[in-house]
file final-v3.cif (mmCIF, C-alpha atoms)
data_upload
loop_
_atom_site.group_PDB
_atom_site.id
_atom_site.type_symbol
_atom_site.label_atom_id
_atom_site.label_comp_id
_atom_site.auth_asym_id
_atom_site.auth_seq_id
_atom_site.Cartn_x
_atom_site.Cartn_y
_atom_site.Cartn_z
ATOM 1 C CA MET A 159 81.738 114.496 98.351
ATOM 2 C CA THR A 160 79.752 111.867 100.186
ATOM 3 C CA ALA A 161 77.114 114.368 101.290
ATOM 4 C CA ALA A 162 76.838 115.773 97.770
ATOM 5 C CA ASN A 163 76.355 112.271 96.353
ATOM 6 C CA TRP A 164 74.012 111.011 99.058
ATOM 7 C CA GLN A 165 72.592 108.437 96.639
ATOM 8 C CA THR A 166 75.815 106.436 97.016
ATOM 9 C CA VAL A 167 75.185 106.177 100.766
ATOM 10 C CA ALA A 168 71.738 104.689 100.152
ATOM 11 C CA ILE A 169 73.115 102.267 97.551
ATOM 12 C CA GLN A 170 75.959 101.204 99.845
ATOM 13 C CA PHE A 171 73.512 100.673 102.709
ATOM 14 C CA VAL A 172 71.191 98.534 100.577
ATOM 15 C CA ALA A 173 74.149 96.480 99.296
ATOM 16 C CA GLU A 174 75.543 95.888 102.786
ATOM 17 C CA THR A 175 72.108 94.938 104.122
ATOM 18 C CA THR A 176 71.613 92.518 101.226
ATOM 19 C CA PHE A 177 75.048 91.049 101.899
ATOM 20 C CA GLN A 178 74.205 90.422 105.552
ATOM 21 C CA VAL A 179 70.820 88.897 104.702
ATOM 22 C CA LEU A 180 72.319 86.559 102.091
ATOM 23 C CA VAL A 181 75.069 85.420 104.455
ATOM 24 C CA ALA A 182 72.540 84.891 107.254
ATOM 25 C CA ILE A 183 70.311 82.572 105.186
ATOM 26 C CA PRO A 184 72.497 79.403 105.314
ATOM 27 C CA ILE A 185 73.444 80.108 108.939
ATOM 28 C CA LEU A 186 69.848 80.435 110.110
ATOM 29 C CA GLY A 187 68.822 77.465 107.957
ATOM 30 C CA ALA A 188 71.484 75.285 109.568
ATOM 31 C CA ALA A 189 70.383 76.446 113.015
ATOM 32 C CA VAL A 190 66.750 75.523 112.318
ATOM 33 C CA LEU A 191 67.812 72.169 110.867
ATOM 34 C CA LEU A 192 69.888 71.360 113.952
ATOM 35 C CA SER A 193 66.983 72.350 116.179
ATOM 36 C CA VAL A 194 64.541 70.060 114.315
ATOM 37 C CA VAL A 195 66.766 67.046 113.606
ATOM 38 C CA VAL A 196 69.226 66.979 116.483
ATOM 39 C CA GLY A 197 67.024 68.654 119.067
ATOM 40 C CA THR A 198 69.442 71.481 119.911
ATOM 41 C CA ASP A 199 67.891 74.470 121.621
ATOM 42 C CA LEU A 200 67.341 77.091 118.911
ATOM 43 C CA SER A 201 67.590 79.995 121.352
ATOM 44 C CA VAL A 202 71.061 78.825 122.386
ATOM 45 C CA LEU A 203 72.229 78.502 118.776
ATOM 46 C CA LEU A 204 71.014 81.975 117.838
ATOM 47 C CA GLN A 205 72.816 83.839 120.609
ATOM 48 C CA GLY A 206 75.323 86.487 119.558
ATOM 49 C CA GLY A 207 76.177 87.741 116.086
ATOM 50 C CA LEU A 208 76.368 85.861 112.811
ATOM 51 C CA ARG A 209 80.009 84.948 113.411
ATOM 52 C CA ASP A 210 79.202 83.467 116.829
ATOM 53 C CA ILE A 211 76.218 81.561 115.434
ATOM 54 C CA ALA A 212 78.275 80.147 112.540
ATOM 55 C CA THR A 213 81.062 79.084 114.919
ATOM 56 C CA ARG A 214 78.572 77.427 117.248
ATOM 57 C CA ILE A 215 76.899 75.568 114.374
ATOM 58 C CA ALA A 216 80.252 74.390 113.000
ATOM 59 C CA GLY A 217 81.221 73.150 116.459
ATOM 60 C CA THR A 218 77.945 71.253 116.760
ATOM 61 C CA LEU A 219 78.413 69.656 113.315
ATOM 62 C CA THR A 220 81.953 68.423 113.965
ATOM 63 C CA ALA A 221 80.524 64.993 114.839
ATOM 64 C CA GLU A 222 78.903 64.824 111.379
ATOM 65 C CA PRO A 223 81.601 65.522 108.738
ATOM 66 C CA VAL A 224 79.181 65.233 105.799
ATOM 67 C CA ALA A 225 76.769 67.727 107.332
ATOM 68 C CA LEU A 226 79.647 70.048 108.236
ATOM 69 C CA LEU A 227 80.979 69.881 104.666
ATOM 70 C CA SER A 228 77.517 70.593 103.251
ATOM 71 C CA PHE A 229 77.145 73.599 105.550
ATOM 72 C CA GLY A 230 80.569 74.862 104.510
ATOM 73 C CA VAL A 231 79.770 74.524 100.814
ATOM 74 C CA ALA A 232 76.397 76.279 101.168
ATOM 75 C CA PHE A 233 77.936 79.077 103.205
ATOM 76 C CA SER A 234 80.822 79.502 100.741
ATOM 77 C CA ILE A 235 78.474 79.726 97.739
ATOM 78 C CA THR A 236 76.318 82.322 99.470
ATOM 79 C CA LEU A 237 79.327 84.296 100.671
ATOM 80 C CA GLY A 238 80.816 84.283 97.176
ATOM 81 C CA GLY A 239 77.616 85.523 95.554
ATOM 82 C CA ALA A 240 77.108 88.235 98.165
ATOM 83 C CA SER A 241 80.729 89.362 97.803
ATOM 84 C CA VAL A 242 80.383 89.611 94.017
ATOM 85 C CA LEU A 243 77.414 91.921 94.589
ATOM 86 C CA MET A 244 79.543 94.110 96.858
ATOM 87 C CA PHE A 245 82.354 94.229 94.274
ATOM 88 C CA LEU A 246 79.862 95.342 91.631
ATOM 89 C CA VAL A 247 78.355 98.098 93.755
ATOM 90 C CA LYS A 248 81.700 99.362 95.088
ATOM 91 C CA GLY A 249 82.964 99.964 91.564
ATOM 92 C CA GLY A 250 80.046 102.251 90.747
ATOM 93 C CA VAL A 251 80.283 104.088 94.064
ATOM 94 C CA LEU A 252 84.006 104.805 93.750
ATOM 95 C CA ASP A 253 83.597 105.893 90.137
ATOM 96 C CA VAL A 254 81.001 108.449 91.232
ATOM 97 C CA LEU A 255 83.293 109.719 94.018
ATOM 98 C CA LEU A 256 86.166 109.964 91.533
ATOM 99 C CA ALA A 257 84.051 112.042 89.142
ATOM 100 C CA SER A 258 82.938 114.202 92.067
ATOM 101 C CA HIS A 259 86.539 114.881 93.062
ATOM 102 C CA GLU A 260 87.533 115.822 89.520
ATOM 103 C CA ALA A 261 84.515 118.116 89.069
ATOM 104 C CA ALA A 262 84.657 119.924 92.407
ATOM 105 C CA GLY A 263 88.399 120.473 92.765
ATOM 106 C CA ALA A 264 89.775 121.547 96.142
ATOM 107 C CA PHE A 265 86.390 122.655 97.471
ATOM 108 C CA GLU A 266 87.250 121.313 100.941
ATOM 109 C CA THR A 267 89.355 124.465 101.471
ATOM 110 C CA GLU A 268 86.326 126.725 100.950
ATOM 111 C CA PRO A 269 83.480 127.482 103.388
ATOM 112 C CA ILE A 270 80.849 124.763 103.433
ATOM 113 C CA SER A 271 77.690 125.903 101.660
ATOM 114 C CA ILE A 272 75.244 124.714 99.036
ATOM 115 C CA ASP A 273 77.118 126.621 96.343
ATOM 116 C CA THR A 274 80.476 124.987 97.129
ATOM 117 C CA ILE A 275 79.038 121.487 97.497
ATOM 118 C CA GLU A 276 76.814 121.644 94.404
ATOM 119 C CA PRO A 277 79.641 121.106 91.841
ATOM 120 C CA ALA A 278 80.541 117.859 93.638
ATOM 121 C CA ALA A 279 77.066 116.374 93.045
ATOM 122 C CA CYS A 280 77.935 114.077 90.136
ATOM 123 C CA PHE A 281 75.736 111.054 90.747
ATOM 124 C CA THR A 282 73.835 109.829 87.734
ATOM 125 C CA LEU A 283 72.545 106.354 87.107
ATOM 126 C CA PRO A 284 74.471 105.940 83.803
ATOM 127 C CA ARG A 285 77.734 106.989 85.508
ATOM 128 C CA PHE A 286 77.121 104.547 88.340
ATOM 129 C CA ILE A 287 76.381 101.694 85.922
ATOM 130 C CA ASP A 288 79.458 102.536 83.839
ATOM 131 C CA GLY A 289 81.590 102.390 86.972
ATOM 132 C CA CYS A 290 80.103 99.036 87.921
ATOM 133 C CA THR A 291 80.855 97.689 84.435
ATOM 134 C CA ARG A 292 84.387 99.100 84.215
ATOM 135 C CA LEU A 293 85.600 97.984 87.631
ATOM 136 C CA PHE A 294 83.709 94.724 88.086
ATOM 137 C CA ARG A 295 86.349 92.331 86.738
ATOM 138 C CA PRO A 296 89.344 94.066 88.386
ATOM 139 C CA TYR A 297 87.500 94.137 91.698
ATOM 140 C CA VAL A 298 86.610 90.448 91.425
ATOM 141 C CA ARG A 299 90.312 89.626 90.975
ATOM 142 C CA LEU A 300 91.180 91.881 93.895
ATOM 143 C CA GLY A 301 88.471 90.253 96.006
ATOM 144 C CA PHE A 302 89.892 86.820 95.204
ATOM 145 C CA ALA A 303 93.283 88.033 96.451
ATOM 146 C CA LEU A 304 91.565 89.302 99.612
ATOM 147 C CA PHE A 305 89.952 85.907 100.207
ATOM 148 C CA LEU A 306 93.368 84.252 99.828
ATOM 149 C CA ALA A 307 94.766 86.647 102.427
ATOM 150 C CA TYR A 308 91.876 85.825 104.764
ATOM 151 C CA ALA A 309 92.377 82.084 104.236
ATOM 152 C CA ALA A 310 96.118 82.330 104.921
ATOM 153 C CA THR A 311 95.423 84.395 108.042
ATOM 154 C CA ALA A 312 92.863 81.877 109.291
ATOM 155 C CA GLY A 313 95.288 78.999 108.642
ATOM 156 C CA VAL A 314 98.114 80.694 110.544
ATOM 157 C CA TYR A 315 95.808 81.601 113.440
ATOM 158 C CA VAL A 316 94.358 78.085 113.738
ATOM 159 C CA ALA A 317 97.843 76.555 113.556
ATOM 160 C CA PHE A 318 99.036 78.896 116.298
ATOM 161 C CA VAL A 319 96.036 78.142 118.503
ATOM 162 C CA VAL A 320 96.323 74.366 118.089
ATOM 163 C CA TYR A 321 100.074 73.759 118.018
ATOM 164 C CA GLY A 322 101.102 76.809 120.014
ATOM 165 C CA TYR A 323 98.871 75.887 122.919
ATOM 166 C CA ARG A 324 100.125 72.309 122.843
ATOM 167 C CA ALA A 325 103.749 73.442 122.890
ATOM 168 C CA ALA A 326 103.176 75.995 125.659
ATOM 169 C CA SER A 327 100.829 73.923 127.828
ATOM 170 C CA GLY A 328 103.678 72.312 129.730
ATOM 171 C CA VAL A 329 105.774 75.482 129.946
ATOM 172 C CA VAL A 330 103.366 78.236 131.043
ATOM 173 C CA GLY A 331 100.335 78.083 133.277
ATOM 174 C CA VAL A 332 96.711 79.041 132.757
ATOM 175 C CA VAL A 333 97.479 82.761 133.105
ATOM 176 C CA GLY A 334 100.203 82.516 130.471
ATOM 177 C CA LEU A 335 97.886 80.719 128.048
ATOM 178 C CA THR A 336 95.228 83.371 128.628
ATOM 179 C CA MET A 337 97.741 86.118 127.891
ATOM 180 C CA MET A 338 98.842 84.325 124.742
ATOM 181 C CA ALA A 339 95.241 84.063 123.575
ATOM 182 C CA ALA A 340 94.626 87.762 124.264
ATOM 183 C CA VAL A 341 97.788 88.839 122.436
ATOM 184 C CA ALA A 342 96.971 86.563 119.483
ATOM 185 C CA ALA A 343 93.440 88.008 119.270
ATOM 186 C CA VAL A 344 94.770 91.587 119.317
ATOM 187 C CA ILE A 345 97.351 90.793 116.637
ATOM 188 C CA LEU A 346 94.644 89.154 114.516
ATOM 189 C CA ILE A 347 92.348 92.200 114.784
ATOM 190 C CA VAL A 348 95.176 94.608 113.913
ATOM 191 C CA TRP A 349 96.254 92.457 110.960
ATOM 192 C CA ILE A 350 92.715 92.160 109.545
ATOM 193 C CA THR A 351 92.259 95.918 109.932
ATOM 194 C CA LEU A 352 95.515 96.539 108.059
ATOM 195 C CA VAL A 353 94.525 94.104 105.278
ATOM 196 C CA ASN A 354 91.145 95.816 104.856
ATOM 197 C CA PHE A 355 92.839 99.225 104.816
ATOM 198 C CA ILE A 356 95.254 98.195 102.049
ATOM 199 C CA TYR A 357 92.338 96.573 100.210
ATOM 200 C CA LEU A 358 90.385 99.849 100.200
ATOM 201 C CA LEU A 359 93.424 101.825 99.008
ATOM 202 C CA MET A 360 93.958 99.306 96.200
ATOM 203 C CA GLN A 361 90.333 99.716 95.136
ATOM 204 C CA ILE A 362 90.892 103.472 94.964
ATOM 205 C CA ALA A 363 94.124 103.075 92.976
ATOM 206 C CA MET A 364 92.474 100.702 90.501
ATOM 207 C CA ALA A 365 89.516 103.060 90.028
ATOM 208 C CA ALA A 366 91.644 106.199 89.656
ATOM 209 C CA ASP A 367 94.527 104.952 87.511
ATOM 210 C CA HIS A 368 93.084 101.872 85.706
ATOM 211 C CA LEU A 369 95.677 99.567 87.295
ATOM 212 C CA GLY A 370 95.850 95.817 87.730
ATOM 213 C CA VAL A 371 96.167 94.101 91.094
ATOM 214 C CA GLY A 372 99.975 94.005 91.144
ATOM 215 C CA GLU A 373 100.366 97.560 89.837
ATOM 216 C CA ALA A 374 97.784 98.819 92.329
ATOM 217 C CA PHE A 375 99.651 97.205 95.219
ATOM 218 C CA ARG A 376 102.915 98.889 94.202
ATOM 219 C CA ALA A 377 101.136 102.228 93.751
ATOM 220 C CA VAL A 378 99.520 101.923 97.183
ATOM 221 C CA MET A 379 102.835 101.114 98.858
ATOM 222 C CA SER A 380 104.384 104.206 97.245
ATOM 223 C CA PHE A 381 101.349 106.252 98.267
ATOM 224 C CA VAL A 382 101.550 105.072 101.892
ATOM 225 C CA ARG A 383 105.260 105.919 102.100
ATOM 226 C CA ALA A 384 104.670 109.405 100.668
ATOM 227 C CA GLU A 385 101.617 110.281 102.778
ATOM 228 C CA PHE A 386 101.992 108.095 105.868
ATOM 229 C CA ARG A 387 101.376 110.830 108.435
ATOM 230 C CA VAL A 388 98.215 112.213 106.802
ATOM 231 C CA LEU A 389 96.897 108.712 106.136
ATOM 232 C CA ALA A 390 97.416 107.778 109.788
ATOM 233 C CA GLN A 391 95.562 110.912 110.905
ATOM 234 C CA ILE A 392 92.605 110.209 108.619
ATOM 235 C CA PHE A 393 92.560 106.559 109.709
ATOM 236 C CA LEU A 394 92.462 107.512 113.405
ATOM 237 C CA ILE A 395 89.693 110.050 112.819
ATOM 238 C CA ILE A 396 87.574 107.493 110.954
ATOM 239 C CA LEU A 397 88.281 104.889 113.638
ATOM 240 C CA GLY A 398 87.145 107.334 116.317
ATOM 241 C CA LEU A 399 83.950 108.075 114.397
ATOM 242 C CA GLU A 400 83.190 104.364 114.027
ATOM 243 C CA ILE A 401 83.806 103.706 117.728
ATOM 244 C CA GLY A 402 81.588 106.665 118.658
ATOM 245 C CA ALA A 403 78.828 105.528 116.311
ATOM 246 C CA THR A 404 79.045 102.009 117.751
ATOM 247 C CA LEU A 405 78.717 103.308 121.327
ATOM 248 C CA VAL A 406 75.781 105.550 120.415
ATOM 249 C CA SER A 407 73.985 102.708 118.632
ATOM 250 C CA ALA A 408 74.610 100.384 121.597
ATOM 251 C CA LEU A 409 73.150 102.945 124.015
ATOM 252 C CA ALA A 410 70.141 103.503 121.766
ATOM 253 C CA TRP A 411 69.581 99.753 121.428
ATOM 254 C CA SER A 412 69.774 99.225 125.202
ATOM 255 C CA GLY A 413 67.305 102.086 125.714
ATOM 256 C CA LEU A 414 64.869 100.464 123.308
ATOM 257 C CA GLY A 415 65.277 97.217 125.247
ATOM 258 C CA LEU A 416 64.096 98.973 128.401
ATOM 259 C CA ILE A 417 61.002 100.285 126.605
ATOM 260 C CA ALA A 418 60.041 96.720 125.722
ATOM 261 C CA PHE A 419 59.172 96.026 129.380
ATOM 262 C CA VAL A 420 56.638 98.871 129.514
ATOM 263 C CA PRO A 421 53.055 97.599 128.983
ATOM 264 C CA LEU A 422 51.407 98.649 125.712
ATOM 265 C CA VAL A 423 54.247 101.075 124.953
ATOM 266 C CA GLY A 424 56.488 98.054 124.410
ATOM 267 C CA LEU A 425 54.530 97.258 121.259
ATOM 268 C CA ALA A 426 56.276 100.180 119.567
ATOM 269 C CA VAL A 427 59.727 98.647 120.121
ATOM 270 C CA VAL A 428 59.780 96.603 116.902
ATOM 271 C CA PRO A 429 59.323 99.543 114.471
ATOM 272 C CA LEU A 430 61.693 101.628 116.606
ATOM 273 C CA GLN A 431 64.305 98.882 116.432
ATOM 274 C CA ILE A 432 63.911 98.681 112.652
ATOM 275 C CA ALA A 433 64.309 102.458 112.409
ATOM 276 C CA ALA A 434 67.391 102.291 114.659
ATOM 277 C CA LEU A 435 68.948 99.608 112.455
ATOM 278 C CA VAL A 436 68.297 101.692 109.336
ATOM 279 C CA VAL A 437 69.823 104.819 110.903
ATOM 280 C CA ARG A 438 72.799 102.816 112.154
ATOM 281 C CA GLY A 439 73.363 101.270 108.718
ATOM 282 C CA LEU A 440 73.158 104.630 106.964
ATOM 283 C CA ALA A 441 75.531 106.207 109.486
ATOM 284 C CA PHE A 442 78.168 103.500 109.034
ATOM 285 C CA ALA A 443 77.768 103.615 105.241
ATOM 286 C CA TYR A 444 78.275 107.384 105.333
ATOM 287 C CA ILE A 445 81.383 107.063 107.518
ATOM 288 C CA GLY A 446 82.829 104.369 105.270
ATOM 289 C CA LEU A 447 82.264 106.368 102.082
ATOM 290 C CA SER A 448 83.613 109.515 103.748
ATOM 291 C CA ALA A 449 86.794 107.588 104.509
ATOM 292 C CA ALA A 450 86.982 106.398 100.905
ATOM 293 C CA GLY A 451 86.468 109.960 99.657
ATOM 294 C CA SER A 452 89.209 111.269 101.955
ATOM 295 C CA TYR A 453 91.695 108.631 100.828
ATOM 296 C CA LEU A 454 90.711 109.233 97.198
ATOM 297 C CA THR A 455 91.312 112.984 97.514
ATOM 298 C CA LEU A 456 94.700 112.383 99.110
ATOM 299 C CA TYR A 457 95.618 109.773 96.502
ATOM 300 C CA ARG A 458 94.774 112.082 93.608
ATOM 301 C CA ARG A 459 96.791 114.857 95.251
ATOM 302 C CA GLU A 460 99.940 112.807 95.811
ATOM 303 C CA PRO A 461 101.025 112.362 92.151
ATOM 304 C CA ARG A 462 100.632 116.115 91.535
ATOM 305 C CA LEU A 463 102.838 116.879 94.538
ATOM 306 C CA LEU A 464 105.497 114.486 93.310
ATOM 307 C CA GLU A 465 105.379 116.012 89.826
ATOM 308 C CA ARG A 466 105.639 119.529 91.286
ATOM 309 C CA ARG A 467 108.622 118.544 93.408
ATOM 310 C CA SER A 468 110.351 116.905 90.453
ATOM 311 C CA ARG A 469 109.827 120.029 88.325
ATOM 312 C CA LEU A 470 111.214 122.273 91.058
ATOM 313 C CA MET A 471 114.252 120.057 91.474
ATOM 314 C CA ALA A 472 114.821 120.057 87.707
ATOM 315 C CA GLN A 473 114.863 123.859 87.471
ATOM 316 C CA PRO A 474 118.424 125.277 87.221
ATOM 317 C CA VAL A 475 119.549 127.333 90.163
ATOM 318 C CA GLY A 476 122.073 130.048 89.270
ATOM 319 C CA PRO A 477 123.268 133.443 90.468
ATOM 320 C CA PRO A 478 120.866 136.367 90.156
ATOM 321 C CA GLU A 479 121.052 138.447 87.028
ATOM 322 C CA SER A 480 122.989 141.686 87.040
ATOM 323 C CA GLY A 481 121.008 144.637 88.240
ATOM 324 C CA SER A 482 118.537 142.521 90.188
ATOM 325 C CA VAL A 483 117.945 143.193 93.823
ATOM 326 C CA ALA A 484 118.031 140.280 96.259
ATOM 327 C CA HIS A 485 115.365 140.372 98.908
#
call {"tool": "encode", "arguments": {"input": "final-v3.cif", "output": "structure tokens"}}
result
Amino acid sequence: MTAANWQTVAIQFVAETTFQVLVAIPILGAAVLLSVVVGTDLSVLLQGGLRDIATRIAGTLTAEPVALLSFGVAFSITLGGASVLMFLVKGGVLDVLLASHEAAGAFETEPISIDTIEPAACFTLPRFIDGCTRLFRPYVRLGFALFLAYAATAGVYVAFVVYGYRAASGVVGVVGLTMMAAVAAVILIVWITLVNFIYLLMQIAMAADHLGVGEAFRAVMSFVRAEFRVLAQIFLIILGLEIGATLVSALAWSGLGLIAFVPLVGLAVVPLQIAALVVRGLAFAYIGLSAAGSYLTLYRREPRLLERRSRLMAQPVGPPESGSVAH
């Protein structure tokens, strides 16, 4: 479905790139301001990803509470606006995938060809806009619930790091504290991954069945219990694809870094790096939408299976009629 509606991949890529640019604006602005006013080395502040840069800036601004509060407010406003854009786009994308699933049927069981994929090509601009309009408000409410989950997770993690380390500092040594930090980081990553997974399934449930946040959560829990094994298999396959794509992009990026040291040829690194970023973004957008399409197909199948089982269980079972032959 994702390949048939390739326009959704381009739209998702543009939305994610816009999100990253918008979030980076207050972070880079704070870094430049610290470099000019405080005299902090800009190259040191800009090391690592956006999360590392934001953490480093917040740590530098701890001595100035007003400046730290201003940075937090600016970052929160930008993050909120960028997230609203993502909610808007995701509604249209999922609505197109839903229409593609309904139009194509079980075409994944047939040989892959242009003829079998063509019925799944359902992208039109009016359908995309209608999906954005229909799902915008429900997705905003769901996104607010996601932010609350993130805030609660951050509060619990910070409390554990601060008070847990203080309580364990006199009981365990440096190795024990290091192990505690590693275990806490792993638990945090697993928990955030699980929250994002449930969030995506709730988006699918709200798009498919016109449910509210609470109803979608109950429907997703029932869906996970009914299809746990298949969901786990799809999740592991998607995770493997993302890890493989990350390794390939890292190798390609390191190879481009080596070209930069070659005289004259190194001038071509900048456009090659831009092309590599575009390819990487499109690849991850395609993997993400393929995961959403797989979960959507499984979600739309699950109610039909339950209805079929209930009908079979409701049928009376009696002895065979006279004259019939039992095989």
call {"tool": "atom_distance", "arguments": {"input": "final-v3.cif", "atom1": "atom CA of A:Val181", "atom2": "atom CA of A:Leu208"}}
result
8.5 Å
call {"tool": "closest_residue", "arguments": {"input": "final-v3.cif", "among": "A:Gln178, A:Ala232, A:Tyr444, A:Met159", "to": "A:Gly263", "atoms": "all atoms listed in the file"}}
result
A:Met159
call {"tool": "closest_atom_pairs", "arguments": {"input": "final-v3.cif", "of": "stretch 253-281 of chain A", "to": "stretch 355-369 of chain A", "cutoff": "10 Å", "atoms": "only C-alpha atoms", "output": "Markdown table"}}
result
| residue | atom | partner | partner_atom | distance |
| --- | --- | --- | --- | --- |
| A:Asp253 | CA | A:Ala365 | CA | 6.6 |
| A:Leu255 | CA | A:Ile362 | CA | 9.9 |
| A:Leu256 | CA | A:Ala366 | CA | 6.9 |
| A:Ala257 | CA | A:Ala366 | CA | 9.6 |
call {"tool": "closest_residue", "arguments": {"input": "final-v3.cif", "among": "A:Arg299, A:Phe281, A:Val371, A:Glu260", "to": "A:Arg458", "atoms": "only C-alpha atoms"}}
result
A:Glu260
call {"tool": "resolve_selection", "arguments": {"input": "final-v3.cif", "expression": "the PyMOL selection byres ((chain A and resi 275) around 12)", "output": "ChimeraX atom specification"}}
result
/A:159-164,258-259,261-274,276-280
call {"tool": "atom_distance", "arguments": {"input": "final-v3.cif", "atom1": "atom CA of A:Met244", "atom2": "atom CA of A:Glu174"}}
result
7.4 Å
call {"tool": "closest_residue", "arguments": {"input": "final-v3.cif", "among": "A:Leu180, A:Leu252, A:Ala342, A:Ile395", "to": "A:Ala450", "atoms": "all atoms listed in the file"}}
result
A:Leu252
call {"tool": "atom_distance", "arguments": {"input": "final-v3.cif", "atom1": "atom CA of A:Ala374", "atom2": "atom CA of A:Leu454"}}
result
13.5 Å
call {"tool": "closest_residue", "arguments": {"input": "final-v3.cif", "among": "A:Ala182, A:Val353, A:Met337, A:Lys248", "to": "A:Leu306", "atoms": "only C-alpha atoms"}}
result
A:Val353
call {"tool": "closest_residue", "arguments": {"input": "final-v3.cif", "among": "A:Val251, A:Ala312, A:Leu186, A:Ala307", "to": "A:Arg292", "atoms": "all atoms listed in the file"}}
result
A:Val251
call {"tool": "residues_near_point", "arguments": {"input": "final-v3.cif", "point": "(81.1, 91.7, 89.6)", "cutoff": "10 Å", "atoms": "all atoms listed in the file", "output": "list in words"}}
result
Gly239, Ser241, Val242, Leu243, Met244, Phe245, Leu246, Val247, Lys248, Gly249, Cys290, Thr291, Arg292, Leu293, Phe294, Arg295, Pro296, Tyr297, Val298, Arg299 and Gly301 of chain A
call {"tool": "closest_residue", "arguments": {"input": "final-v3.cif", "among": "A:Leu283, A:Leu389, A:Leu200, A:Ala221", "to": "A:Gln165", "atoms": "only C-alpha atoms"}}
result
A:Leu283
call {"tool": "residues_around", "arguments": {"input": "final-v3.cif", "residues": "A:Ile215", "least_positions_apart": "4", "cutoff": "10 Å", "atoms": "all atoms listed in the file", "output": "PyMOL selection string"}}
result
chain A and resi 185-186+188-189+192+203-204+209-211+219-220+226+229
call {"tool": "resolve_selection", "arguments": {"input": "final-v3.cif", "expression": "the PyMOL selection byres ((chain A and resi 175) around 12)", "output": "PDB file with C-alpha atoms, keeping the file's coordinate frame"}}
result
ATOM      1  CA  ALA A 168      71.738 104.689 100.152  1.00  0.00           C
ATOM      2  CA  ILE A 169      73.115 102.267  97.551  1.00  0.00           C
ATOM      3  CA  GLN A 170      75.959 101.204  99.845  1.00  0.00           C
ATOM      4  CA  PHE A 171      73.512 100.673 102.709  1.00  0.00           C
ATOM      5  CA  VAL A 172      71.191  98.534 100.577  1.00  0.00           C
ATOM      6  CA  ALA A 173      74.149  96.480  99.296  1.00  0.00           C
ATOM      7  CA  GLU A 174      75.543  95.888 102.786  1.00  0.00           C
ATOM      8  CA  THR A 176      71.613  92.518 101.226  1.00  0.00           C
ATOM      9  CA  PHE A 177      75.048  91.049 101.899  1.00  0.00           C
ATOM     10  CA  GLN A 178      74.205  90.422 105.552  1.00  0.00           C
ATOM     11  CA  VAL A 179      70.820  88.897 104.702  1.00  0.00           C
ATOM     12  CA  LEU A 180      72.319  86.559 102.091  1.00  0.00           C
ATOM     13  CA  VAL A 181      75.069  85.420 104.455  1.00  0.00           C
ATOM     14  CA  ALA A 182      72.540  84.891 107.254  1.00  0.00           C
ATOM     15  CA  ALA A 240      77.108  88.235  98.165  1.00  0.00           C
ATOM     16  CA  LEU A 243      77.414  91.921  94.589  1.00  0.00           C
ATOM     17  CA  MET A 244      79.543  94.110  96.858  1.00  0.00           C
ATOM     18  CA  LEU A 435      68.948  99.608 112.455  1.00  0.00           C
ATOM     19  CA  VAL A 436      68.297 101.692 109.336  1.00  0.00           C
ATOM     20  CA  ARG A 438      72.799 102.816 112.154  1.00  0.00           C
ATOM     21  CA  GLY A 439      73.363 101.270 108.718  1.00  0.00           C
ATOM     22  CA  LEU A 440      73.158 104.630 106.964  1.00  0.00           C
ATOM     23  CA  PHE A 442      78.168 103.500 109.034  1.00  0.00           C
ATOM     24  CA  ALA A 443      77.768 103.615 105.241  1.00  0.00           C
TER      25      ALA A 443
END
call {"tool": "resolve_selection", "arguments": {"input": "final-v3.cif", "expression": "the PyMOL selection byres ((chain A and resi 381) around 12)", "output": "ChimeraX atom specification"}}
result
/A:356,359-360,362-363,374-380,382-389,453-454,456-464
call {"tool": "build_atoms", "arguments": {"input": "final-v3.cif", "residues": "stretch 204-212 of chain A", "atoms": "N, CA and C atoms", "output": "CSV table (one decimal), in the frame of the given file"}}
result
chain,number,residue,atom,x,y,z
A,204,LEU,N,71.2,80.7,118.4
A,204,LEU,CA,71.0,82.0,117.8
A,204,LEU,C,71.5,83.1,118.7
A,205,GLN,N,72.3,82.8,119.7
A,205,GLN,CA,72.8,83.8,120.6
A,205,GLN,C,74.0,84.5,120.0
A,206,GLY,N,74.2,85.8,120.1
A,206,GLY,CA,75.3,86.5,119.6
A,206,GLY,C,75.1,86.9,118.1
A,207,GLY,N,76.2,87.3,117.5
A,207,GLY,CA,76.2,87.7,116.1
A,207,GLY,C,76.3,86.6,115.1
A,208,LEU,N,76.3,86.9,113.8
A,208,LEU,CA,76.4,85.9,112.8
A,208,LEU,C,77.6,85.0,112.9
A,209,ARG,N,78.8,85.7,113.3
A,209,ARG,CA,80.0,84.9,113.4
A,209,ARG,C,79.9,84.0,114.6
A,210,ASP,N,79.3,84.4,115.7
A,210,ASP,CA,79.2,83.5,116.8
A,210,ASP,C,78.3,82.3,116.5
A,211,ILE,N,77.2,82.6,115.8
A,211,ILE,CA,76.2,81.6,115.4
A,211,ILE,C,76.9,80.6,114.5
A,212,ALA,N,77.6,81.0,113.5
A,212,ALA,CA,78.3,80.1,112.5
A,212,ALA,C,79.3,79.3,113.2
